[in-house]
Amino acid sequence: MTYQIKRVGVIGAGTMGAAIAALVAGTGIPVLLLDVPPDSLTAEEEAKGLTLSHPQVRNRIVQQGFERMRKARPSNLYSERSAELITLGNTEDDFPRLAECDWIVEAIVEQIGPKQALMARLEEVRKPNAIVTTNTSGIPIRIIAEGRSEAFRRHFFGSHFFNPPRYLRLLEIIPGDEADPAVVAAFRRFAEERLGKGVVICKDRPNFIGNRIFVYAGQVLLNFALEHGYQVEEVDALTGPLIGRPNTASFRLLDQVGIDVMAYVAGNLYDAIPDDESREVYRHNDLLQRLVAAGKLGKKVGQGFYKEGKRDGKREFWPLDLQTLEYVPPQGAAAVDELIASTRRIKPLPDRLRFILDRAETGDRGAKLVAAAIYPMMAYAARRLPEIADSVADVDNAMRWGFAHDMGPFQLWQAMGIAETAARMRAFGESLPAWVDQLIAAEGHFYGELDGVPAAYNVATGQLEPIARDPRAIDLAALKAAGRELFGNESASVIDLGDGVLCYELHSKANTIGGQAVEMLIKALDELEQGPWIGIVVGNQGPRFSAGLDLNDVGAAVMAGAWDDIDEYAALVQQTFRRMRDSAKPIVSAPFGQTLGGGVELSMHSAASVAAAETYMGFVEFGVGVIPAWGGCTEMNRRIIAAAARSGNDTLKAFQQVFETIALAKVATSAHEAKELGLLRPTDRIVFNPDYLIGEAKREVLRLVADGYTPQITAKPCYALGRDVLAAARIAIYQMREGGFATPYDAVLAEKLAYVLCGGELSSAQWVDDGYMHNLERTTVIELLKDERTQARARHMLEHGKPLRN
């Protein structure tokens, strides 16, 4: 049986349900979002003379949930346009429409009775092969499905998303004992490919994998902090990026999740795990319950472990004093600053943690708290296997994908030394299961290889087992380790992806583009032209595609006044990027994450782009006092203004779109928005699973070659609108400045940008070649670089990491 999910139903328009609907709609799939009709009128509805039967009233609750979802920041939607794919309704009038859905997900109140009643109703309307899942975070799957038919139970299982589902990759699938393995496998493929999820298959145990470990580790850390007198700011300074975790660290994360939610989960978990040797940690203190009673529920009510306040007109977040439960002005974490400062220079996470944990054994206050954040989590994860999962990889993936940890507990454990770390954990007071001792005695590993294939230890079988990996999930680091790097320097590499496809990989700091990166790109293009290769993928697997120009690379030349050198360098980059665009063999870019300034220009000069859904793309040059000068203005003219001229559309409107995109430094919050801004083509593909990005870009190269690729070279590809449009732009800029909407130097930059986009002071609109536009770009940027106000902006950005408005 083939399962195709073409229409989805979501029941429950609360925080999770509406966000799941937004995620699905972003992939292009129509969604029916339902919630209960209200049982009473609001005062406003009564004043309007409405009744409970009025359609506006019937859908009030689902409409409110939908609107909350749309207003949430960061955005649940990839694009406002995707909201059009969500149809709203209620669970009485519109319930029969669920019969049209291929997948129905329940996200209602976390109570057994209502969930069971809903499943009974769904069994009456679902079509025979429709998949039904529950987003429960802890109720046993088997209990929710009690009383349902065998056919229903074969198509029913848990699909536990993590909040916010667009951004957190983890999806826990909990099949239970009666789910059809073929149905589960089909849904897993859909979740990985279409929704972009990292899927972990869980056993039907309380809180499954991610929350079972996270809630325990969080409670242990909270207990430790209270017992030893740590304050909120200290804990968060020590348990964020310093130890490979997000900026939300510990207490900020609890505020984000909801303190009432954590208290509820911890309370329920205690009762649900009578055989868990560690469950008493949930009764160790009543801090969470006291905060809930005081209405300090976290971010959703504006106060939890932090409360937003103002001092001297500036916004501040005042931390909670854990002893008095009063908010105090932020004091920083001076007591642990020395540890943090001495540790930051150590880049590899395992080495950094080993350094900190060494100091914990000598009594260092901050290091002891880190030990309390690391050791209990590792030990508890080991003790829970094989209860919650069989493979260590499932646990590690759950913690990385669900909570954005850099490394999972078993990955970290192995990197720090299995036997050595086990001894340290025991010295800290942690108990370990027998299977760990057996593994150490056999000199085994949590991770290894079997016949060259990555493998992970399976506790149930007592041996390493291959880790299933989709062929699209290309690992560039593994290819380089296997000797597939053809060339490389400190900033970039050229890698053989196989099948005649090369990869140009940036790996400089922030993947900025400087002289060495350009040098390696030229070498890659030479190799493509002269060798047996059929195409190139431009991409990497770092934290971002590219932050753009390396300011330090150009800064020295600006300070020396080497304007000819700067002009020559800009011309070289323009020429190199144009070589990419006009290459006889296809070059496909694979942007993702931050793709800014010169990174946008690098991406735009490809035959096609295969972009990650989470691509934050934009020209940000105004922030450092310049305009795009590596062909960015030229490409935006070619793609949007010239395209409008060719098709007979409004060129003035096209100019306005391009001008605003660059002048306002608009950064797309998704690949969908990048298409709307014209930074990606309408034909460019979007990939939702980031693991597949390089592989899918390689596939695109192969497809273009198979289709007989030839570059589209036009003698005069740009359309210069000339002095009339430029004059109109200058008037608009003047009005913006006079109205206080632009700073004096913003207005200067805007006028220079308009000058380039219009092709200068030409007497009439006309077609021009890109060499003409490139010259305008370079000449204008040299003028701006000579201006002290640009230099001030650049210095401010380097020193403070944010733009100066002068």
# chains A, B, ... in the order shown; residues from 1 in each chain; ligands from 1
$ select_by_dssp --residues "segment 55-257 of chain A" --states "alpha helix (DSSP H)" --output "PDB file with C-alpha atoms, in the first residue's frame"
ATOM      1  CA  PRO A  55     -20.642  31.040  11.953  1.00  0.00           C
ATOM      2  CA  GLN A  56     -18.402  33.795  13.307  1.00  0.00           C
ATOM      3  CA  VAL A  57     -19.087  32.614  16.849  1.00  0.00           C
ATOM      4  CA  ARG A  58     -18.817  28.911  16.014  1.00  0.00           C
ATOM      5  CA  ARG A  60     -14.154  31.938  17.355  1.00  0.00           C
ATOM      6  CA  ILE A  61     -11.812  29.628  19.292  1.00  0.00           C
ATOM      7  CA  VAL A  62     -10.070  28.241  16.223  1.00  0.00           C
ATOM      8  CA  GLN A  63      -9.794  31.761  14.770  1.00  0.00           C
ATOM      9  CA  GLN A  64      -8.169  33.018  17.958  1.00  0.00           C
ATOM     10  CA  GLY A  65      -5.672  30.159  17.931  1.00  0.00           C
ATOM     11  CA  PHE A  66      -4.900  30.818  14.288  1.00  0.00           C
ATOM     12  CA  GLU A  67      -4.320  34.526  14.917  1.00  0.00           C
ATOM     13  CA  ARG A  68      -2.044  33.825  17.897  1.00  0.00           C
ATOM     14  CA  MET A  69      -0.021  31.525  15.686  1.00  0.00           C
ATOM     15  CA  ARG A  70       0.292  34.177  12.976  1.00  0.00           C
ATOM     16  CA  LYS A  71       1.483  36.820  15.445  1.00  0.00           C
ATOM     17  CA  ILE A 112      -7.110  10.787  28.601  1.00  0.00           C
ATOM     18  CA  GLY A 113     -10.919  11.095  28.508  1.00  0.00           C
ATOM     19  CA  PRO A 114     -11.204  13.777  25.806  1.00  0.00           C
ATOM     20  CA  LYS A 115      -8.538  12.073  23.693  1.00  0.00           C
ATOM     21  CA  GLN A 116     -10.292   8.700  23.826  1.00  0.00           C
ATOM     22  CA  ALA A 117     -13.639  10.301  22.984  1.00  0.00           C
ATOM     23  CA  LEU A 118     -12.082  12.069  20.002  1.00  0.00           C
ATOM     24  CA  MET A 119     -10.562   8.824  18.711  1.00  0.00           C
ATOM     25  CA  ALA A 120     -13.989   7.196  18.830  1.00  0.00           C
ATOM     26  CA  ARG A 121     -15.387   9.997  16.662  1.00  0.00           C
ATOM     27  CA  LEU A 122     -12.429   9.841  14.273  1.00  0.00           C
ATOM     28  CA  GLU A 123     -12.953   6.127  13.739  1.00  0.00           C
ATOM     29  CA  GLU A 124     -16.379   6.943  12.313  1.00  0.00           C
ATOM     30  CA  VAL A 125     -15.141   9.449   9.703  1.00  0.00           C
ATOM     31  CA  ILE A 141      -0.372   5.536  23.229  1.00  0.00           C
ATOM     32  CA  ARG A 142      -2.036   2.233  24.001  1.00  0.00           C
ATOM     33  CA  ILE A 143      -4.431   3.913  26.459  1.00  0.00           C
ATOM     34  CA  ILE A 144      -5.498   6.607  23.979  1.00  0.00           C
ATOM     35  CA  GLU A 150      -7.800  -3.301  14.869  1.00  0.00           C
ATOM     36  CA  ALA A 151      -7.827  -1.350  11.575  1.00  0.00           C
ATOM     37  CA  PHE A 152      -7.760   1.949  13.453  1.00  0.00           C
ATOM     38  CA  ARG A 153      -4.938   0.830  15.765  1.00  0.00           C
ATOM     39  CA  ARG A 154      -2.844  -0.278  12.782  1.00  0.00           C
ATOM     40  CA  PRO A 181       5.274  -1.128  10.545  1.00  0.00           C
ATOM     41  CA  ALA A 182       4.647  -0.244   6.884  1.00  0.00           C
ATOM     42  CA  VAL A 183       2.391   2.655   7.899  1.00  0.00           C
ATOM     43  CA  VAL A 184       4.931   3.897  10.434  1.00  0.00           C
ATOM     44  CA  ALA A 185       7.738   3.654   7.866  1.00  0.00           C
ATOM     45  CA  ALA A 186       5.699   5.584   5.286  1.00  0.00           C
ATOM     46  CA  PHE A 187       4.911   8.331   7.786  1.00  0.00           C
ATOM     47  CA  ARG A 188       8.546   8.488   8.860  1.00  0.00           C
ATOM     48  CA  ARG A 189       9.632   9.047   5.250  1.00  0.00           C
ATOM     49  CA  PHE A 190       7.038  11.793   4.908  1.00  0.00           C
ATOM     50  CA  ALA A 191       8.159  13.447   8.156  1.00  0.00           C
ATOM     51  CA  GLU A 192      11.834  13.360   7.214  1.00  0.00           C
ATOM     52  CA  GLU A 193      11.487  14.414   3.576  1.00  0.00           C
ATOM     53  CA  GLY A 210      13.512  13.646  24.977  1.00  0.00           C
ATOM     54  CA  ASN A 211      11.311  14.900  27.799  1.00  0.00           C
ATOM     55  CA  ARG A 212      12.098  11.935  30.035  1.00  0.00           C
ATOM     56  CA  ILE A 213      15.779  12.878  30.095  1.00  0.00           C
ATOM     57  CA  PHE A 214      15.354  16.655  29.830  1.00  0.00           C
ATOM     58  CA  VAL A 215      12.887  16.961  32.709  1.00  0.00           C
ATOM     59  CA  TYR A 216      15.021  14.765  34.972  1.00  0.00           C
ATOM     60  CA  ALA A 217      18.258  16.601  34.182  1.00  0.00           C
ATOM     61  CA  GLY A 218      16.569  19.973  34.635  1.00  0.00           C
ATOM     62  CA  GLN A 219      15.134  18.993  37.996  1.00  0.00           C
ATOM     63  CA  VAL A 220      18.497  17.690  39.234  1.00  0.00           C
ATOM     64  CA  LEU A 221      20.185  20.939  38.202  1.00  0.00           C
ATOM     65  CA  LEU A 222      17.486  23.020  39.886  1.00  0.00           C
ATOM     66  CA  ASN A 223      17.877  21.002  43.093  1.00  0.00           C
ATOM     67  CA  PHE A 224      21.660  21.435  42.992  1.00  0.00           C
ATOM     68  CA  ALA A 225      21.402  25.179  42.418  1.00  0.00           C
ATOM     69  CA  LEU A 226      19.030  25.620  45.366  1.00  0.00           C
ATOM     70  CA  GLU A 227      21.086  23.448  47.706  1.00  0.00           C
ATOM     71  CA  HIS A 228      24.344  25.246  46.954  1.00  0.00           C
ATOM     72  CA  VAL A 232      19.726  32.406  38.183  1.00  0.00           C
ATOM     73  CA  GLU A 233      22.262  34.448  36.211  1.00  0.00           C
ATOM     74  CA  GLU A 234      25.145  32.210  37.312  1.00  0.00           C
ATOM     75  CA  VAL A 235      23.355  29.063  36.225  1.00  0.00           C
ATOM     76  CA  ASP A 236      22.435  30.457  32.814  1.00  0.00           C
ATOM     77  CA  ALA A 237      25.948  31.807  32.220  1.00  0.00           C
ATOM     78  CA  LEU A 238      27.334  28.310  32.817  1.00  0.00           C
ATOM     79  CA  PHE A 251      16.181  29.132  33.467  1.00  0.00           C
ATOM     80  CA  ARG A 252      15.517  31.067  30.248  1.00  0.00           C
ATOM     81  CA  LEU A 253      14.481  27.774  28.684  1.00  0.00           C
ATOM     82  CA  LEU A 254      12.101  27.010  31.566  1.00  0.00           C
ATOM     83  CA  ASP A 255      10.542  30.444  31.083  1.00  0.00           C
ATOM     84  CA  GLN A 256      10.124  29.694  27.393  1.00  0.00           C
ATOM     85  CA  VAL A 257       8.604  26.254  27.939  1.00  0.00           C
TER      86      VAL A 257
END
$ residues_around --residues "Met520 of chain A" --least-positions-apart "5" --cutoff "10 Å" --atoms "only C-alpha atoms" --output "PyMOL selection string"
chain A and resi 487-494+504-506+515+525-526
$ select_by_dssp --residues "segment 359-565 of chain A" --states "strand (DSSP E)" --output "NGL selection string"
:A and (447-450 or 453-458 or 463-466 or 485-488 or 492-498 or 501-506 or 512-513 or 535-538 or 548-549)
$ closest_residue --among "A:Ser40, A:Gly147, A:Val8, A:Asp691" --to "Ala99 of chain A" --atoms "only C-alpha atoms"
A:Val8
$ closest_residue --among "A:Leu195, A:Val453, A:Ala477, A:Leu242" --to "Leu353 of chain A" --atoms "only C-alpha atoms"
A:Leu242
$ atom_distance --atom1 "atom CA of Asp35 of chain A" --atom2 "atom CA of Ile108 of chain A"
8.4 Å
$ residues_around --residues "Ala706 of chain A" --least-positions-apart "3" --cutoff "12 Å" --atoms "only C-alpha atoms" --output "PyMOL selection string"
chain A and resi 534-535+585-586+699-703+709-710
$ write_last_selection --atoms "C-alpha atoms" --output "JSON list (two decimals), in the first residue's frame"
[["chain", "number", "residue", "atom", "x", "y", "z"],
["A", 534, "ILE", "CA", 30.18, 17.83, -14.81],
["A", 535, "GLY", "CA", 29.22, 20.48, -12.25],
["A", 585, "LYS", "CA", 28.68, 23.24, -16.73],
["A", 586, "PRO", "CA", 25.97, 23.79, -14.10],
["A", 699, "ARG", "CA", 20.95, 15.74, -7.60],
["A", 700, "GLU", "CA", 20.03, 19.08, -9.15],
["A", 701, "VAL", "CA", 23.41, 19.24, -10.89],
["A", 702, "LEU", "CA", 22.87, 15.74, -12.27],
["A", 703, "ARG", "CA", 19.34, 16.65, -13.41],
["A", 709, "TYR", "CA", 22.20, 22.17, -19.60],
["A", 710, "THR", "CA", 23.34, 25.30, -21.43]]
